[in-house]
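Raw contents of target34.cif, mmCIF, C-alpha atoms:
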```cif
data_target
#
loop_
_atom_site.label_atom_id
_atom_site.label_comp_id
_atom_site.auth_asym_id
_atom_site.auth_seq_id
_atom_site.Cartn_x
_atom_site.Cartn_y
_atom_site.Cartn_z
CA GLU A 55 24.01 -12.94 -17.36
CA ASN A 56 21.85 -15.99 -16.84
CA PHE A 57 18.21 -14.98 -17.13
CA ASP A 58 17.03 -18.57 -16.56
CA ARG A 59 18.47 -18.60 -13.06
CA PRO A 60 15.95 -18.03 -10.21
CA TYR A 61 16.31 -14.61 -8.63
CA LYS A 62 15.10 -13.77 -5.13
CA LEU A 63 13.71 -10.27 -4.81
CA ARG A 64 14.87 -8.13 -1.92
CA ASN A 65 12.08 -7.80 0.63
CA LEU A 66 11.50 -4.33 2.10
CA TYR A 67 8.27 -5.06 4.01
CA GLY A 68 6.40 -8.18 4.98
CA GLY A 69 8.90 -9.66 7.41
CA ASP A 70 9.70 -13.36 7.21
CA LEU A 71 6.20 -14.16 5.99
CA LEU A 72 6.81 -12.83 2.46
CA GLU A 73 9.33 -14.21 0.00
CA VAL A 74 9.17 -13.64 -3.77
CA THR A 75 11.46 -15.47 -6.20
CA LEU A 76 11.44 -15.01 -9.98
CA GLN A 77 11.85 -18.47 -11.52
CA ARG A 78 13.12 -16.82 -14.69
CA GLN A 79 13.36 -13.34 -16.19
CA PHE A 80 12.00 -12.13 -19.50
CA ILE A 81 14.68 -11.29 -22.04
CA THR A 82 12.48 -9.46 -24.55
CA ILE A 83 10.08 -6.52 -24.76
CA TRP A 84 6.73 -6.28 -26.53
CA SER A 85 4.67 -3.12 -27.06
CA GLY A 86 1.40 -4.54 -28.32
CA GLY A 87 2.49 -4.50 -31.92
CA HIS A 88 2.30 -0.70 -32.21
CA GLY A 89 2.24 0.72 -28.71
CA GLY A 90 0.61 0.08 -25.38
CA LYS A 91 1.12 -0.86 -21.76
CA ASN A 92 -0.31 -2.76 -18.81
CA PHE A 93 -0.41 -6.11 -20.58
CA ALA A 94 -1.30 -9.21 -18.59
CA LEU A 95 0.24 -12.55 -19.56
CA PHE A 96 -1.31 -15.97 -19.16
CA SER A 97 -0.65 -19.47 -20.47
CA VAL A 98 -2.83 -22.39 -21.55
CA PRO A 99 -1.93 -25.95 -22.62
CA ASN A 100 -0.65 -26.32 -26.17
CA VAL A 101 -3.64 -27.74 -28.09
CA THR A 102 -1.73 -29.06 -31.10
CA HIS A 103 1.24 -30.40 -29.12
CA PRO A 104 0.03 -31.47 -25.63
CA VAL A 105 3.51 -32.53 -24.49
CA SER A 106 5.03 -29.16 -25.45
CA PRO A 107 5.27 -26.18 -23.08
CA ASP A 108 2.14 -24.12 -22.54
CA SER A 109 1.25 -21.45 -25.07
CA VAL A 110 1.79 -17.91 -23.78
CA TYR A 111 -0.70 -15.13 -24.52
CA VAL A 112 -0.83 -11.40 -23.82
CA GLU A 113 -4.03 -9.50 -23.08
CA ILE A 114 -4.06 -6.13 -24.85
CA ASN A 115 -7.60 -4.98 -24.07
CA ILE A 116 -10.23 -6.48 -21.79
CA THR A 117 -13.31 -4.48 -22.75
CA PRO A 118 -15.29 -3.71 -24.82
CA GLU A 119 -13.74 -6.61 -26.77
CA HIS A 120 -11.13 -9.00 -25.44
CA HIS A 121 -7.96 -8.53 -27.55
CA VAL A 122 -5.35 -11.27 -27.12
CA GLN A 123 -2.08 -12.07 -28.91
CA GLN A 124 0.01 -15.25 -28.69
CA VAL A 125 3.70 -14.48 -28.13
CA LEU A 126 7.03 -16.29 -27.93
CA PRO A 127 8.79 -14.72 -24.90
CA ASP A 128 12.14 -16.37 -25.65
CA GLU A 129 12.30 -15.47 -29.34
CA TYR A 130 12.96 -12.00 -30.70
CA ASP A 131 14.18 -9.81 -33.53
CA GLN A 132 17.18 -7.61 -32.79
CA LEU A 133 16.41 -3.95 -33.51
CA THR A 134 18.79 -1.12 -34.27
CA LEU A 135 18.70 2.02 -32.12
CA GLN A 136 17.10 3.89 -35.00
CA GLN A 137 14.32 1.30 -35.20
CA VAL A 138 13.72 1.67 -31.47
CA PHE A 139 13.47 5.45 -31.82
CA GLU A 140 11.01 5.09 -34.71
CA LEU A 141 8.80 2.91 -32.51
CA MET A 142 9.03 5.28 -29.54
CA TRP A 143 8.32 8.59 -31.29
CA LYS A 144 5.69 9.55 -33.81
CA LYS A 145 6.79 10.43 -37.31
CA GLY A 146 7.69 14.09 -37.77
CA THR A 147 8.62 14.67 -34.14
CA LYS A 148 12.12 15.51 -32.99
CA LYS A 149 13.91 12.35 -31.93
CA LYS A 150 16.25 12.91 -29.03
CA ARG A 151 17.15 10.63 -26.13
CA HIS A 152 19.87 11.07 -23.54
CA ALA A 153 19.46 7.78 -21.65
CA ASN A 154 21.10 4.63 -22.90
CA ILE A 155 18.93 1.83 -24.28
CA ASP A 156 20.07 -1.55 -22.99
CA LYS A 157 20.22 -4.65 -25.16
CA ILE A 158 16.89 -5.98 -23.90
CA GLY A 159 15.27 -2.73 -25.00
CA GLN A 160 16.48 -3.49 -28.53
CA ARG A 161 14.74 -6.87 -28.70
CA SER A 162 11.27 -7.20 -30.23
CA MET A 163 9.38 -10.27 -29.03
CA LYS A 164 8.09 -12.55 -31.77
CA VAL A 165 4.36 -13.28 -32.08
CA VAL A 166 2.31 -16.17 -33.44
CA GLY A 167 -0.46 -15.40 -35.92
CA ASN A 168 -2.81 -12.46 -35.64
CA MET A 169 -4.44 -10.88 -32.62
CA THR A 170 -7.76 -12.48 -31.66
CA LYS A 171 -10.79 -10.34 -30.89
CA SER A 172 -13.83 -11.67 -29.05
CA ASP A 173 -17.40 -10.48 -29.29
CA GLU A 174 -18.38 -7.58 -27.05
CA SER A 175 -18.21 -8.34 -23.36
CA PRO A 176 -21.39 -8.99 -21.36
CA GLU A 177 -22.95 -6.33 -19.20
CA ALA A 178 -21.53 -5.87 -15.72
CA SER A 179 -23.13 -8.16 -13.17
CA PHE A 180 -24.15 -5.19 -11.03
CA HIS A 181 -24.26 -1.43 -11.35
CA THR A 182 -22.36 1.04 -9.23
CA THR A 183 -23.12 4.54 -7.99
CA ASP A 184 -21.37 6.30 -10.87
CA GLN A 185 -24.10 5.05 -13.21
CA TYR A 186 -26.71 6.56 -10.93
CA TRP A 187 -24.91 9.89 -10.62
CA PHE A 188 -24.05 10.15 -14.30
CA PRO A 189 -26.92 8.41 -16.12
CA GLY A 190 -26.37 7.49 -19.74
CA LYS A 191 -22.60 7.89 -19.64
CA THR A 192 -20.24 6.41 -17.09
CA PRO A 193 -17.27 8.66 -16.26
CA PHE A 194 -14.87 5.71 -16.51
CA LYS A 195 -13.18 4.69 -19.75
CA VAL A 196 -14.94 1.91 -21.64
CA ASN A 197 -11.60 0.52 -22.82
CA SER A 198 -9.96 -1.34 -19.97
CA HIS A 199 -6.87 -3.50 -19.58
CA GLY A 200 -4.76 -5.29 -17.00
CA GLY A 201 -4.50 -5.68 -14.23
CA ALA A 202 -3.56 -9.17 -13.47
CA CYS A 203 -4.39 -12.53 -15.02
CA CYS A 204 -5.22 -15.33 -14.55
CA VAL A 205 -6.53 -17.82 -12.01
CA SER A 206 -8.25 -20.95 -13.28
CA PHE A 207 -11.73 -21.58 -11.87
CA SER A 208 -12.97 -25.17 -12.19
CA LEU A 209 -16.63 -26.04 -12.71
CA ASP A 210 -16.82 -26.80 -8.99
CA ASP A 211 -15.33 -23.37 -8.22
CA ILE A 212 -17.82 -21.61 -10.50
CA ASN A 213 -20.83 -23.46 -9.14
CA MET A 214 -20.10 -22.95 -5.45
CA GLY A 215 -21.34 -19.38 -5.39
CA GLY A 216 -23.43 -16.88 -7.31
CA THR A 217 -26.42 -17.75 -9.48
CA GLN A 218 -27.02 -20.81 -11.63
CA HIS A 219 -25.43 -20.64 -15.07
CA ASN A 220 -24.66 -22.95 -17.98
CA HIS A 221 -20.89 -23.15 -18.27
CA HIS A 222 -19.61 -26.57 -19.30
CA GLU A 223 -15.89 -25.97 -18.89
CA PRO A 224 -13.52 -24.14 -16.52
CA LEU A 225 -12.99 -20.41 -16.92
CA LEU A 226 -9.97 -18.16 -16.50
CA VAL A 227 -10.51 -15.17 -14.21
CA GLY A 228 -8.56 -11.92 -14.17
CA ILE A 229 -8.76 -8.42 -12.71
CA ALA A 230 -8.83 -5.34 -14.94
CA HIS A 231 -8.82 -1.62 -14.22
CA THR A 232 -10.16 1.56 -15.74
CA LYS A 233 -10.11 5.21 -14.73
CA VAL A 234 -11.70 8.62 -15.20
CA PRO A 235 -9.67 10.07 -18.08
CA TRP A 236 -8.29 13.60 -18.04
CA GLN A 237 -10.21 16.03 -20.26
CA PRO A 238 -9.02 19.42 -21.59
CA TRP A 239 -11.74 21.26 -19.66
CA TYR A 240 -10.04 20.36 -16.36
CA SER A 241 -7.40 23.02 -17.14
CA LYS A 242 -9.92 25.73 -18.09
CA ASP A 243 -10.26 28.53 -15.56
CA HIS A 244 -13.84 29.30 -16.58
CA ILE A 245 -14.99 25.79 -15.60
CA PRO A 246 -16.32 25.99 -12.02
CA GLN A 247 -14.25 24.10 -9.48
CA GLU A 248 -17.47 22.52 -8.24
CA ARG A 249 -17.87 20.73 -11.56
CA LYS A 250 -14.28 19.49 -11.48
CA ASP A 251 -14.73 18.24 -7.91
CA MET A 252 -17.80 16.25 -8.92
CA LEU A 253 -15.75 14.21 -11.38
CA PRO A 254 -12.05 14.11 -10.41
CA HIS A 255 -9.89 12.68 -13.18
CA THR A 256 -7.31 9.89 -12.92
CA HIS A 257 -9.30 8.01 -10.29
CA TYR A 258 -9.11 4.21 -10.68
CA VAL A 259 -11.54 1.32 -10.17
CA SER A 260 -11.22 -2.41 -10.84
CA PHE A 261 -13.43 -5.33 -11.84
CA PHE A 262 -13.26 -9.12 -12.16
CA TYR A 263 -13.79 -10.81 -15.50
CA ALA A 264 -14.06 -14.46 -16.60
CA PHE A 265 -13.38 -15.87 -20.07
CA ASP A 266 -13.04 -19.10 -22.06
CA PRO A 267 -9.58 -20.72 -21.86
CA ARG A 268 -9.21 -20.95 -25.65
CA PRO A 269 -9.24 -18.54 -28.62
CA PRO A 270 -10.96 -16.17 -29.14
CA PHE A 271 -11.08 -16.07 -25.29
CA GLN A 272 -14.67 -14.86 -25.14
CA LEU A 273 -15.60 -12.99 -21.97
CA ARG A 274 -18.42 -14.79 -20.17
CA ALA A 275 -18.93 -12.56 -17.16
CA ARG A 276 -17.64 -9.40 -15.52
CA SER A 277 -18.39 -7.81 -12.21
CA GLY A 278 -19.29 -4.24 -11.48
CA TYR A 279 -16.60 -1.81 -10.36
CA PHE A 280 -14.95 -2.04 -6.96
CA CYS A 281 -11.97 -0.55 -5.13
CA LEU A 282 -9.61 -2.05 -2.58
CA GLY A 283 -8.95 -0.26 0.67
CA HIS A 284 -6.05 1.48 2.36
CA THR A 285 -3.70 -0.30 4.69
CA PRO A 286 -5.26 -0.12 8.19
CA LEU A 287 -3.75 2.48 10.47
CA SER A 288 -1.31 1.21 13.07
CA ARG A 289 -1.29 1.83 16.78
CA ASP A 290 2.12 2.52 18.22
CA GLY A 291 3.68 1.15 15.06
CA GLN A 292 1.79 -2.14 15.32
CA LEU A 293 -0.63 -3.47 12.70
CA PRO A 294 -4.08 -4.82 13.62
CA PRO A 295 -4.27 -8.61 14.15
CA THR A 296 -5.86 -9.02 10.69
CA GLU A 297 -2.68 -7.71 9.03
CA GLY A 298 0.60 -9.56 8.65
CA GLY A 299 4.18 -8.48 8.14
CA ILE A 300 5.87 -5.25 9.13
CA PHE A 301 4.07 -1.92 9.07
CA ASN A 302 5.13 0.34 6.21
CA GLN A 303 5.23 3.85 7.67
CA HIS A 304 4.74 5.33 4.20
CA SER A 305 1.27 3.80 3.89
CA ILE A 306 -0.25 6.73 5.75
CA LEU A 307 0.69 8.95 2.81
CA THR A 308 -1.72 7.11 0.50
CA ARG A 309 -4.65 8.41 2.55
CA ASP A 310 -3.92 11.95 1.38
CA ARG A 311 -5.32 11.03 -2.06
CA PRO A 312 -8.51 8.97 -1.64
CA LEU A 313 -10.89 7.88 -4.37
CA LYS A 314 -13.62 10.48 -4.89
CA GLN A 315 -16.74 10.68 -7.05
CA HIS A 316 -19.70 13.08 -6.89
CA ASN A 317 -18.34 14.66 -3.67
CA VAL A 318 -18.27 11.24 -1.98
CA THR A 319 -14.96 10.05 -0.52
CA TYR A 320 -14.25 6.32 -0.41
CA GLU A 321 -11.91 4.38 1.87
CA CYS A 322 -9.72 3.56 -1.12
CA PRO A 323 -6.67 5.17 -2.72
CA GLN A 324 -7.18 7.38 -5.76
CA ILE A 325 -4.89 5.11 -7.79
CA GLU A 326 -5.40 1.42 -7.12
CA TYR A 327 -3.38 -0.78 -9.46
CA ILE A 328 -3.73 -4.54 -9.15
CA SER A 329 -0.65 -6.28 -10.58
CA ALA A 330 -0.76 -9.75 -8.99
CA PHE A 331 -3.52 -12.36 -8.87
CA VAL A 332 -2.68 -15.99 -8.06
CA GLU A 333 -4.24 -19.04 -6.48
CA LYS A 334 -3.17 -19.44 -2.87
CA ALA A 335 -0.41 -22.02 -2.68
CA ASP A 336 -1.82 -24.11 0.17
CA ASP A 337 -5.55 -23.48 -0.39
CA LYS A 338 -7.11 -23.87 -3.84
CA SER A 339 -10.36 -22.33 -2.60
CA SER A 340 -8.70 -18.94 -2.14
CA THR A 341 -6.65 -16.38 -4.09
CA VAL A 342 -4.04 -13.74 -3.30
CA VAL A 343 -4.27 -10.24 -4.79
CA GLY A 344 -1.41 -7.74 -4.80
CA TYR A 345 -2.03 -4.07 -5.51
CA GLY A 346 -0.30 -0.71 -5.36
CA MET A 347 -1.74 2.37 -3.66
CA ASN A 348 -1.20 5.79 -5.25
CA ASP A 349 2.05 4.57 -6.84
CA CYS A 350 3.55 4.66 -3.36
CA THR A 351 3.16 1.43 -1.37
CA ALA A 352 1.79 -2.06 -1.99
CA ARG A 353 -0.42 -4.54 -0.19
CA LEU A 354 -1.34 -8.23 -0.41
CA ILE A 355 -4.82 -9.46 0.48
CA GLU A 356 -6.62 -12.81 0.35
CA ILE A 357 -9.98 -13.23 -1.42
CA GLU A 358 -11.91 -16.51 -1.46
CA LYS A 359 -12.94 -17.85 -4.86
CA ARG A 360 -16.49 -18.07 -3.53
CA GLU A 361 -16.57 -14.29 -3.07
CA ILE A 362 -15.23 -13.67 -6.59
CA VAL A 363 -17.91 -15.93 -8.08
CA ARG A 364 -20.52 -14.07 -6.05
CA LEU A 365 -19.40 -10.81 -7.67
CA LEU A 366 -19.35 -12.33 -11.17
CA TYR A 367 -22.71 -14.09 -10.79
CA PRO A 368 -24.60 -12.33 -7.99
CA ASP A 369 -27.91 -13.56 -6.71
CA PRO A 370 -30.54 -11.03 -7.90
CA LEU A 371 -32.20 -11.15 -4.48
CA GLU A 372 -28.98 -9.82 -2.95
CA MET A 373 -29.17 -6.78 -5.24
CA VAL A 374 -32.69 -5.70 -4.16
CA PHE A 375 -32.75 -2.70 -1.84
CA GLU A 376 -35.87 -1.56 -0.04
CA ALA A 377 -36.41 1.86 1.51
CA GLU A 378 -37.61 1.93 5.10
#
```

Represent the structure from my file as structure tokens, please.
Amino acid sequence: ENFDRPYKLRNLYGGDLLEVTLQRQFITIWSGGHGGKNFALFSVPNVTHPVSPDSVYVEINITPEHHVQQVLPDEYDQLTLQQVFELMWKKGTKKKRHANIDKIGQRSMKVVGNMTKSDESPEASFHTTDQYWFPGKTPFKVNSHGGACCVSFSLDDINMGGTQHNHHEPLLVGIAHTKVPWQPWYSKDHIPQERKDMLPHTHYVSFFYAFDPRPPFQLRARSGYFCLGHTPLSRDGQLPPTEGGIFNQHSILTRDRPLKQHNVTYECPQIEYISAFVEKADDKSSTVVGYGMNDCTARLIEIEKREIVRLLYPDPLEMVFEAE
């Protein structure tokens, strides 16, 4: 097994226009020190040794504080099966597992120093309808995590859109997600269905965030919530001209579970999970975002950096609405 060897992923959809190759594969596993998921990794130049490889960091939480840990992906401690079980199950519970644990599952990635924690994140750059419908308490979890990270935005990138601000260095930009958490009252028969329909649980939204490219990685801006849409419907098996690749016939299934809030249905899947965010290879003014829809199918879209900056630093005049 040579994990350093590039590995081309098998392409199911996308035609000849999509090719994904892993330059190398991770050989270790990290669970946030005690337990967790949905970590986003990013790297920055090594400050103390500029000629050395970039330092690798893992985002644990995005908001309300930015929690980040430096890791060594190629270095690990070998765990026994019993140690793995102790990490997987709480003390006092019955430990039983039928599936085999491979050797990578028995490796614990080494870390550098302690986790850094930034100050609280700034307010969202704009409000969304959930704050109007549920004043005083948003239905979405305050704690959010990845997502996907990161794309570097230069000072020129930051200043080409949005409002005037006083950043003196580039920022790293990522995309996080949060959701309406399940509550015990959802399973109670005496709770009217109308109340449950007003606030469906396990519905996801996303937001952009920007932070300093050095510890403690202070968040400098974050957008309001947004959702990304379904794959457009095809006609006779053909995608609209705006779409590329080969039509995935399973995409229609994602429309059976749209995002809903306050009896309003949005043109977005209930579960939208963004897992890829990179600068476009042949155009540094644009980015590519990859996301899954209802844990069923995936989609790639292109978003200009200018539009992301506009969401992070909107012009107040664009946010003024007048009734006719």

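The gap separating CA of Pro127 (chain A) from CA of Lys359 (chain A) is 29.7 Å, in Å to one decimal.
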
Evaluate the PyMOL selection byres ((chain A and resi 351) around 8) here and jot the selected residues down as a ChimeraX atom specification.
/A:302,304-305,308,346-350,352-353

Using the selection just defined, write its residues with C-alpha atoms as a compact mmCIF listing (two decimals), in the coordinates of the input.
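Listed below is the output, part_22.txt:
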```txt
# COMPACT_ATOMS: atom_id res chain seq x y z
CA ASN A 302 5.13 0.34 6.21
CA HIS A 304 4.74 5.33 4.20
CA SER A 305 1.27 3.80 3.89
CA THR A 308 -1.72 7.11 0.50
CA GLY A 346 -0.30 -0.71 -5.36
CA MET A 347 -1.74 2.37 -3.66
CA ASN A 348 -1.20 5.79 -5.25
CA ASP A 349 2.05 4.57 -6.84
CA CYS A 350 3.55 4.66 -3.36
CA ALA A 352 1.79 -2.06 -1.99
CA ARG A 353 -0.42 -4.54 -0.19
```

Residues matched by the PyMOL selection byres ((chain A and resi 190-194) around 7) as a PyMOL selection string:
chain A and resi 184-185+188-189+195-196+232-235

Considering all atoms listed in the file, return as a ChimeraX atom specification whatever protein or nucleic-acid residues lie within 8 Å of region 272-282 of chain A, sequence-local ones (same chain, fewer than 2 positions apart) excluded.
/A:120,172-182,258-266,269-270,284,322-323,326,365-367

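Going from CA of Lys164 (chain A) to CA of Val101 (chain A) covers 19.5 Å.
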
Restricting the calculation to all atoms listed in the file, which member of A:Val110, A:Ile245, A:Leu287, A:Ile357 is positioned closest to Ile306 (chain A)?
A:Leu287

From the options A:Glu129, A:Pro286, A:Glu113, A:Gln292, which residue's atoms come nearest to Arg309 (chain A), counting only C-alpha atoms?
A:Pro286

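The smallest atom-to-atom distance between Ser198 (chain A) and any of A:Met169, A:Ile212, A:Leu226, A:Ala94, using all atoms listed in the file, is found for A:Ala94.
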
For this structure, which residues satisfy the selection - the PyMOL selection byres ((chain A and resi 316) around 7) - when it is evaluated on the file as given? I want them as number ranges by chain.
A: 252-253, 314-315, 317-318

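Using all atoms listed in the file for every distance, the candidate list A:Ile300, A:Val105, A:Ile158, A:Leu95 yields A:Ile158 as the residue closest to Leu135 (chain A).
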
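Distance annotation: of A:Ile325, A:Val122, A:Ile81, A:Ala202, the residue with the minimal separation from Pro312 (chain A) is A:Ile325; atom set is all atoms listed in the file.
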
I'd like the neighbourhood of Tyr111 (chain A) as a ChimeraX atom specification, where a residue qualifies if any of its atoms comes within 12 Å (using all atoms listed in the file), though same-chain residues fewer than 3 positions away should be ignored.
/A:84,86,93-100,108,114,121-127,164-170,203-204,267-271

Those selected residues, please, written with C-alpha atoms and delivered as a PDB file, keeping the file's coordinate frame.
```
ATOM      1  CA  TRP A  84       6.730  -6.280 -26.530  1.00  0.00           C
ATOM      2  CA  GLY A  86       1.400  -4.540 -28.320  1.00  0.00           C
ATOM      3  CA  PHE A  93      -0.410  -6.110 -20.580  1.00  0.00           C
ATOM      4  CA  ALA A  94      -1.300  -9.210 -18.590  1.00  0.00           C
ATOM      5  CA  LEU A  95       0.240 -12.550 -19.560  1.00  0.00           C
ATOM      6  CA  PHE A  96      -1.310 -15.970 -19.160  1.00  0.00           C
ATOM      7  CA  SER A  97      -0.650 -19.470 -20.470  1.00  0.00           C
ATOM      8  CA  VAL A  98      -2.830 -22.390 -21.550  1.00  0.00           C
ATOM      9  CA  PRO A  99      -1.930 -25.950 -22.620  1.00  0.00           C
ATOM     10  CA  ASN A 100      -0.650 -26.320 -26.170  1.00  0.00           C
ATOM     11  CA  ASP A 108       2.140 -24.120 -22.540  1.00  0.00           C
ATOM     12  CA  ILE A 114      -4.060  -6.130 -24.850  1.00  0.00           C
ATOM     13  CA  HIS A 121      -7.960  -8.530 -27.550  1.00  0.00           C
ATOM     14  CA  VAL A 122      -5.350 -11.270 -27.120  1.00  0.00           C
ATOM     15  CA  GLN A 123      -2.080 -12.070 -28.910  1.00  0.00           C
ATOM     16  CA  GLN A 124       0.010 -15.250 -28.690  1.00  0.00           C
ATOM     17  CA  VAL A 125       3.700 -14.480 -28.130  1.00  0.00           C
ATOM     18  CA  LEU A 126       7.030 -16.290 -27.930  1.00  0.00           C
ATOM     19  CA  PRO A 127       8.790 -14.720 -24.900  1.00  0.00           C
ATOM     20  CA  LYS A 164       8.090 -12.550 -31.770  1.00  0.00           C
ATOM     21  CA  VAL A 165       4.360 -13.280 -32.080  1.00  0.00           C
ATOM     22  CA  VAL A 166       2.310 -16.170 -33.440  1.00  0.00           C
ATOM     23  CA  GLY A 167      -0.460 -15.400 -35.920  1.00  0.00           C
ATOM     24  CA  ASN A 168      -2.810 -12.460 -35.640  1.00  0.00           C
ATOM     25  CA  MET A 169      -4.440 -10.880 -32.620  1.00  0.00           C
ATOM     26  CA  THR A 170      -7.760 -12.480 -31.660  1.00  0.00           C
ATOM     27  CA  CYS A 203      -4.390 -12.530 -15.020  1.00  0.00           C
ATOM     28  CA  CYS A 204      -5.220 -15.330 -14.550  1.00  0.00           C
ATOM     29  CA  PRO A 267      -9.580 -20.720 -21.860  1.00  0.00           C
ATOM     30  CA  ARG A 268      -9.210 -20.950 -25.650  1.00  0.00           C
ATOM     31  CA  PRO A 269      -9.240 -18.540 -28.620  1.00  0.00           C
ATOM     32  CA  PRO A 270     -10.960 -16.170 -29.140  1.00  0.00           C
ATOM     33  CA  PHE A 271     -11.080 -16.070 -25.290  1.00  0.00           C
TER      34      PHE A 271
END
```

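The spacing separating CA of Ser162 (chain A) from CA of Gly201 (chain A) amounts to 22.5 Å.
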
Neighbour list for Leu63 (chain A) as a PyMOL selection string, cut-off 10 Å, only C-alpha atoms, skip fewer than 3 positions in-chain:
chain A and resi 60+66+73-76

What are the centre and the three edge lengths of an axis-aligned box that wraps all atoms of region 337-342 of chain A in the file, given that 8 Å is added to every side, written as JSON and rounded to one decimal in Å?
```
{"center_x": -7.2, "center_y": -18.8, "center_z": -2.2, "size_x": 22.3, "size_y": 26.1, "size_z": 19.7}
```
